[in-house]
$ cat my_file26.txt   # compact mmCIF, C-alpha atoms
# COMPACT_ATOMS: atom_id res chain seq x y z
CA MET A 1 -1.64 -25.88 -12.88
CA THR A 2 -2.98 -22.35 -12.46
CA SER A 3 -2.91 -21.19 -8.85
CA ILE A 4 -5.96 -19.77 -7.11
CA LEU A 5 -4.33 -16.35 -7.09
CA GLY A 6 -3.32 -16.66 -10.74
CA ALA A 7 -6.90 -17.45 -11.71
CA ALA A 8 -8.14 -14.48 -9.67
CA LEU A 9 -5.75 -12.15 -11.46
CA ALA A 10 -6.92 -13.29 -14.90
CA GLN A 11 -9.97 -11.03 -14.95
CA PRO A 12 -11.10 -7.65 -13.56
CA TRP A 13 -12.46 -7.56 -10.03
CA PRO A 14 -15.87 -6.05 -9.21
CA ALA A 15 -16.07 -2.88 -7.11
CA LEU A 16 -18.59 -3.10 -4.26
CA TRP A 17 -19.50 0.44 -3.23
CA TYR A 18 -21.05 1.39 0.12
CA GLU A 19 -22.24 4.82 1.17
CA THR A 20 -20.75 4.33 4.66
CA LEU A 21 -18.71 1.64 6.38
CA ASP A 22 -16.86 1.53 9.64
CA SER A 23 -13.78 0.43 7.69
CA THR A 24 -13.33 -1.25 4.32
CA ASN A 25 -10.73 -3.56 5.87
CA GLU A 26 -13.21 -4.53 8.58
CA GLU A 27 -15.84 -5.29 5.94
CA ALA A 28 -13.28 -7.45 4.13
CA ARG A 29 -12.58 -9.28 7.39
CA ARG A 30 -16.30 -9.87 7.96
CA ARG A 31 -16.72 -11.26 4.47
CA ALA A 32 -13.70 -13.52 4.82
CA SER A 33 -14.99 -14.86 8.13
CA GLN A 34 -18.09 -16.01 6.23
CA GLY A 35 -16.04 -17.72 3.52
CA ASP A 36 -16.17 -14.92 0.96
CA PHE A 37 -12.63 -14.22 -0.24
CA GLY A 38 -13.52 -12.20 -3.34
CA PRO A 39 -11.72 -11.27 -5.41
CA ALA A 40 -13.37 -7.87 -5.13
CA TRP A 41 -12.75 -4.24 -4.24
CA ILE A 42 -14.73 -3.04 -1.24
CA ALA A 43 -15.12 0.74 -1.33
CA ALA A 44 -16.88 3.30 0.86
CA ARG A 45 -17.75 6.92 0.20
CA GLN A 46 -17.17 7.55 3.90
CA GLN A 47 -15.72 5.58 6.83
CA SER A 48 -16.74 6.03 10.44
CA ALA A 49 -13.76 4.15 11.90
CA GLY A 50 -11.07 4.13 9.24
CA ARG A 51 -7.67 3.00 10.39
CA GLY A 52 -4.11 2.90 9.19
CA ARG A 53 -0.95 1.14 10.27
CA ARG A 54 -0.18 0.55 13.93
CA GLY A 55 -3.79 1.25 14.94
CA ARG A 56 -3.81 4.88 13.88
CA ASP A 57 -7.08 6.52 12.86
CA TRP A 58 -7.52 7.26 9.15
CA ILE A 59 -9.40 10.52 8.59
CA SER A 60 -12.06 9.72 6.00
CA PRO A 61 -13.81 12.75 4.48
CA ALA A 62 -16.22 12.27 1.57
CA GLY A 63 -14.56 12.60 -1.82
CA ASN A 64 -11.45 10.62 -0.97
CA LEU A 65 -10.96 6.95 -1.81
CA PHE A 66 -11.28 4.31 0.90
CA THR A 67 -11.01 0.82 -0.54
CA THR A 68 -9.79 -2.69 0.19
CA ALA A 69 -8.88 -5.45 -2.25
CA LEU A 70 -10.09 -8.77 -0.81
CA PHE A 71 -8.66 -11.83 -2.52
CA PRO A 72 -7.46 -15.41 -1.91
CA PHE A 73 -3.71 -15.87 -1.58
CA ASP A 74 -2.23 -19.32 -2.03
CA ARG A 75 1.34 -18.19 -1.49
CA THR A 76 3.47 -17.90 1.62
CA PRO A 77 3.12 -15.35 4.44
CA GLU A 78 6.53 -14.06 3.37
CA ASP A 79 5.09 -13.30 -0.08
CA ALA A 80 2.09 -11.58 1.52
CA ALA A 81 4.45 -9.25 3.37
CA LEU A 82 5.75 -7.97 0.01
CA LEU A 83 2.35 -6.86 -1.26
CA CYS A 84 2.68 -3.37 0.24
CA PHE A 85 5.48 -2.64 -2.24
CA SER A 86 3.40 -3.80 -5.22
CA THR A 87 0.44 -1.79 -3.95
CA GLY A 88 2.40 1.44 -3.62
CA LEU A 89 3.64 1.08 -7.19
CA ALA A 90 0.08 0.34 -8.36
CA VAL A 91 -1.16 3.61 -6.83
CA ILE A 92 1.42 5.60 -8.79
CA ASP A 93 0.64 3.60 -11.95
CA ALA A 94 -3.05 4.43 -11.48
CA LEU A 95 -2.37 8.15 -11.15
CA ASP A 96 -0.20 8.01 -14.26
CA ALA A 97 -3.04 6.30 -16.14
CA LEU A 98 -5.40 9.12 -15.12
CA GLY A 99 -3.00 11.71 -16.51
CA ALA A 100 -1.84 13.13 -13.18
CA ASP A 101 1.73 14.38 -13.01
CA THR A 102 3.52 12.02 -10.63
CA ALA A 103 6.93 13.69 -10.92
CA GLY A 104 8.24 13.92 -7.39
CA VAL A 105 5.76 11.36 -6.07
CA GLY A 106 7.71 8.80 -4.10
CA LEU A 107 7.36 5.76 -1.89
CA LYS A 108 8.20 5.89 1.81
CA TRP A 109 9.14 2.58 3.36
CA PRO A 110 7.18 0.48 3.76
CA ASN A 111 3.74 1.66 2.68
CA ASP A 112 3.15 5.39 2.08
CA VAL A 113 2.88 7.33 -1.16
CA ARG A 114 4.11 10.91 -0.70
CA ARG A 115 5.31 14.02 -2.49
CA ASN A 116 7.71 16.41 -0.79
CA GLN A 117 7.13 14.44 2.42
CA ALA A 118 3.38 15.14 2.27
CA LYS A 119 1.20 12.04 2.42
CA LEU A 120 -0.96 11.24 -0.58
CA CYS A 121 -1.86 7.62 0.17
CA GLY A 122 -1.55 5.06 2.93
CA ILE A 123 -1.64 1.28 2.62
CA LEU A 124 -2.65 -1.33 5.19
CA ILE A 125 -2.14 -5.02 4.34
CA GLU A 126 -3.92 -7.50 6.60
CA THR A 127 -4.17 -11.28 6.28
CA GLY A 128 -6.15 -14.17 7.68
CA THR A 129 -6.49 -17.89 7.24
CA ALA A 130 -9.70 -19.78 6.52
CA SER A 131 -10.57 -23.09 8.18
CA SER A 132 -9.51 -24.76 4.92
CA GLY A 133 -6.03 -23.33 5.41
CA LEU A 134 -6.35 -20.87 2.52
CA MET A 135 -4.91 -17.44 3.24
CA TRP A 136 -6.83 -14.31 2.32
CA ILE A 137 -5.55 -10.78 1.88
CA ALA A 138 -7.22 -7.47 2.70
CA ALA A 139 -5.14 -4.79 0.96
CA GLY A 140 -6.49 -1.49 2.24
CA VAL A 141 -5.74 1.67 0.28
CA GLY A 142 -6.65 5.20 1.32
CA VAL A 143 -6.03 7.87 -1.32
CA ASN A 144 -6.52 11.57 -0.68
CA VAL A 145 -8.36 12.40 -3.89
CA ALA A 146 -10.43 15.55 -3.27
CA THR A 147 -9.07 16.86 0.02
CA ALA A 148 -5.92 16.64 2.11
CA PRO A 149 -7.01 15.96 5.69
CA SER A 150 -5.30 17.69 8.59
CA ALA A 151 -3.42 15.04 10.52
CA ASP A 152 -0.19 14.52 12.42
CA GLN A 153 1.80 14.99 9.22
CA ALA A 154 1.64 17.05 6.04
CA SER A 155 -0.71 15.75 3.35
CA LEU A 156 -1.84 16.52 -0.17
CA CYS A 157 -4.48 15.20 -2.55
CA VAL A 158 -4.67 14.02 -6.15
CA LYS A 159 -6.35 17.26 -7.19
CA ASP A 160 -3.18 19.07 -6.09
CA LEU A 161 -1.28 17.26 -8.85
CA GLN A 162 -1.20 18.79 -12.31
CA GLY A 163 -3.57 16.73 -14.45
CA GLY A 164 -5.34 15.34 -11.41
CA GLU A 165 -7.97 18.06 -11.14
CA ASP A 166 -10.75 15.92 -12.63
CA ALA A 167 -10.00 12.79 -10.60
CA SER A 168 -12.72 11.26 -8.45
CA ALA A 169 -12.72 8.41 -5.97
CA ALA A 170 -14.43 6.21 -8.55
CA SER A 171 -12.00 7.04 -11.36
CA VAL A 172 -9.00 6.43 -9.11
CA LEU A 173 -10.42 3.05 -8.07
CA ASP A 174 -11.06 2.08 -11.70
CA ALA A 175 -7.43 2.82 -12.58
CA LEU A 176 -6.09 1.26 -9.38
CA SER A 177 -7.99 -1.97 -9.92
CA GLU A 178 -6.22 -2.62 -13.21
CA ALA A 179 -2.83 -1.39 -12.03
CA PHE A 180 -3.03 -3.55 -8.92
CA ARG A 181 -3.71 -6.73 -10.91
CA VAL A 182 -0.71 -5.95 -13.10
CA ARG A 183 1.59 -5.32 -10.16
CA VAL A 184 0.49 -8.39 -8.20
CA SER A 185 0.92 -10.46 -11.36
CA GLN A 186 4.46 -9.07 -11.62
CA LEU A 187 5.18 -10.30 -8.09
CA LEU A 188 3.54 -13.67 -8.76
CA THR A 189 5.37 -14.42 -11.99
CA GLY A 190 8.68 -12.62 -11.60
CA GLY A 191 9.30 -12.74 -7.87
CA PHE A 192 10.19 -9.75 -5.73
CA ASP A 193 13.31 -8.54 -7.53
CA PRO A 194 11.52 -6.69 -10.41
CA VAL A 195 9.14 -5.14 -7.86
CA ARG A 196 12.06 -4.17 -5.66
CA GLN A 197 13.91 -2.50 -8.53
CA ASP A 198 10.83 -0.52 -9.55
CA TRP A 199 10.13 0.45 -5.95
CA LEU A 200 13.70 1.67 -5.37
CA LYS A 201 13.43 3.94 -8.40
CA ARG A 202 10.53 5.65 -6.63
CA SER A 203 11.94 5.51 -3.11
CA GLU A 204 12.05 8.90 -1.42
CA GLY A 205 14.75 7.71 0.96
CA MET A 206 17.23 5.88 -1.26
CA GLY A 207 20.73 7.25 -0.67
CA ARG A 208 19.51 9.64 2.02
CA ARG A 209 19.88 9.72 5.78
CA VAL A 210 16.89 8.34 7.61
CA VAL A 211 15.93 7.64 11.19
CA ALA A 212 14.29 4.29 11.88
CA LYS A 213 12.50 3.37 15.08
CA PRO A 214 12.17 -0.42 15.27
CA GLY A 215 10.38 -1.03 18.55
CA ASN A 216 11.94 1.06 21.32
CA ASP A 217 15.22 1.43 19.44
CA THR A 218 16.32 4.41 17.31
CA VAL A 219 18.71 3.90 14.42
CA GLU A 220 20.10 6.50 12.01
CA GLY A 221 21.92 5.79 8.77
CA VAL A 222 21.87 6.03 4.99
CA MET A 223 19.29 3.97 3.14
CA GLU A 224 21.10 1.54 0.85
CA GLY A 225 18.26 -0.59 -0.47
CA LEU A 226 15.73 -3.30 0.24
CA GLY A 227 16.42 -6.86 1.22
CA GLU A 228 14.90 -9.85 -0.54
CA ASP A 229 12.29 -9.90 2.22
CA GLY A 230 11.47 -6.20 1.89
CA ALA A 231 13.61 -5.19 4.87
CA LEU A 232 15.02 -1.65 4.85
CA ILE A 233 18.81 -1.76 4.61
CA LEU A 234 20.71 1.03 6.37
CA ARG A 235 24.43 1.82 6.42
CA LEU A 236 25.28 3.12 9.87
CA ASP A 237 27.95 5.72 10.58
CA SER A 238 30.10 2.93 12.01
CA GLY A 239 30.10 1.29 8.59
CA ALA A 240 27.96 -1.59 9.80
CA GLN A 241 24.80 -2.57 7.93
CA ARG A 242 21.46 -2.78 9.72
CA ARG A 243 18.28 -4.43 8.46
CA ILE A 244 14.98 -2.94 9.62
CA THR A 245 12.00 -5.27 9.24
CA ALA A 246 9.37 -3.19 11.06
CA GLY A 247 8.99 0.24 12.58
CA GLU A 248 8.69 3.92 11.75
CA VAL A 249 11.04 5.65 9.33
CA SER A 250 11.54 9.35 8.64
CA LEU A 251 13.94 11.39 6.54
CA VAL A 252 16.60 13.41 8.31
CA ALA A 253 16.06 17.07 7.50

$ encode --input "my_file26.txt" --output "structure tokens"
Amino acid sequence: MTSILGAALAQPWPALWYETLDSTNEEARRRASQGDFGPAWIAARQQSAGRGRRGRDWISPAGNLFTTALFPFDRTPEDAALLCFSTGLAVIDALDALGADTAGVGLKWPNDVRRNQAKLCGILIETGTASSGLMWIAAGVGVNVATAPSADQASLCVKDLQGGEDASAASVLDALSEAFRVRVSQLLTGGFDPVRQDWLKRSEGMGRRVVAKPGNDTVEGVMEGLGEDGALILRLDSGAQRRITAGEVSLVA
């Protein structure tokens, strides 16, 4: 029997464009609360209250892409937690499809797309459950297409990439929509291991020293890989292994 998610992935998803929204993830949440689970891409040309992980503001100038994939998800919450890895890969696949040079573009655990430690894209995965028990996903993606906003960290935009000069928010969303369906289908049919292997090839931290801050703790070690649940695996100086399931991570200079 075809799953609800499998059926959703079988065809392209419509893009619902707004001139302005508070947040595309908030619009997805509103729709889901009314029983509308898509599948669809909700996109805004500007956001008045964009947000990223851990409640941070997401600077949202016109010309960049602010979008959320809203879709039903009849898998486990553990599977939902792995979608950020598929989404990061889909962003790079989309840029490749547009002809942008993604050499040096990497994935920072768990959900940023960067080049030379400058942020190109952020991802925010949120979930909810309908009264019927069906889970829904709001996979928010913010891509710096035309401009690189000033923020608390270095950033760049798609137009900074060779071959990305002609990219627009709409063209990036068109390419992302297809790449995302392919990557989520990979997770659905093949499990996490193929996704994990592809993600590690693009990891900016693999084999390097990183500092992780899970909660109020600070841990430094060498990144050795990803666990089957997407946890960051560090080798500490003591030789012990530490699994990080949530928190902030940065490269050691």

$ closest_atom_pairs --input "my_file26.txt" --of "stretch 70-138 of chain A" --to "stretch 1-21 of chain A" --cutoff "10 Å" --atoms "all atoms listed in the file" --output "CSV"
residue,atom,partner,partner_atom,distance
A:Leu70,CA,A:Trp13,CA,9.6
A:Phe71,CA,A:Ala8,CA,7.6
A:Pro72,CA,A:Leu5,CA,6.1
A:Phe73,CA,A:Leu5,CA,5.6
A:Asp74,CA,A:Leu5,CA,6.2
A:Arg75,CA,A:Leu5,CA,8.2
A:Leu134,CA,A:Ile4,CA,9.7
A:Trp136,CA,A:Leu5,CA,9.9

$ closest_residue --input "my_file26.txt" --among "A:Asp237, A:Asp112, A:Glu248, A:Asp174" --to "A:Asn144" --atoms "only C-alpha atoms"
A:Asp112

$ residues_around --input "my_file26.txt" --residues "A:Arg114" --least-positions-apart "4" --cutoff "12 Å" --atoms "only C-alpha atoms" --output "count of residues only"
33

$ closest_residue --input "my_file26.txt" --among "A:Asn111, A:Thr245, A:Thr68, A:Ser185" --to "A:Glu27" --atoms "all atoms listed in the file"
A:Thr68

$ atom_distance --input "my_file26.txt" --atom1 "atom CA of A:Glu220" --atom2 "atom CA of A:Leu234"
7.9 Å

$ residues_around --input "my_file26.txt" --residues "A:Gly35" --least-positions-apart "5" --cutoff "10 Å" --atoms "all atoms listed in the file" --output "tab-separated table (two decimals) with C-alpha atoms, keeping the file's coordinate frame"
chain	number	residue	atom	x	y	z
A	29	ARG	CA	-12.58	-9.28	7.39
A	30	ARG	CA	-16.30	-9.87	7.96
A	130	ALA	CA	-9.70	-19.78	6.52
A	131	SER	CA	-10.57	-23.09	8.18
A	132	SER	CA	-9.51	-24.76	4.92
A	136	TRP	CA	-6.83	-14.31	2.32

$ atom_distance --input "my_file26.txt" --atom1 "atom CA of A:Gly38" --atom2 "atom CA of A:Gln186"
20.0 Å

$ atom_distance --input "my_file26.txt" --atom1 "atom CA of A:Asn64" --atom2 "atom CA of A:Val145"
4.6 Å

$ closest_atom_pairs --input "my_file26.txt" --of "stretch 31-93 of chain A" --to "stretch 228-232 of chain A" --cutoff "12 Å" --atoms "all atoms listed in the file" --output "Markdown table"
| residue | atom | partner | partner_atom | distance |
| --- | --- | --- | --- | --- |
| A:Thr76 | CA | A:Asp229 | CA | 11.9 |
| A:Pro77 | CA | A:Asp229 | CA | 10.9 |
| A:Glu78 | CA | A:Asp229 | CA | 7.2 |
| A:Asp79 | CA | A:Asp229 | CA | 8.3 |
| A:Ala80 | CA | A:Asp229 | CA | 10.4 |
| A:Ala81 | CA | A:Gly230 | CA | 7.8 |
| A:Leu82 | CA | A:Gly230 | CA | 6.3 |
| A:Leu83 | CA | A:Gly230 | CA | 9.7 |
| A:Cys84 | CA | A:Gly230 | CA | 9.4 |
| A:Phe85 | CA | A:Gly230 | CA | 8.1 |
| A:Ser86 | CA | A:Gly230 | CA | 11.0 |

$ axis_aligned_box --input "my_file26.txt" --around "stretch 141-155 of chain A" --padding-each-side "8 Å" --output "AutoDock Vina command-line options"
--center_x -4.3 --center_y 9.7 --center_z 4.3 --size_x 28.2 --size_y 32.0 --size_z 32.3
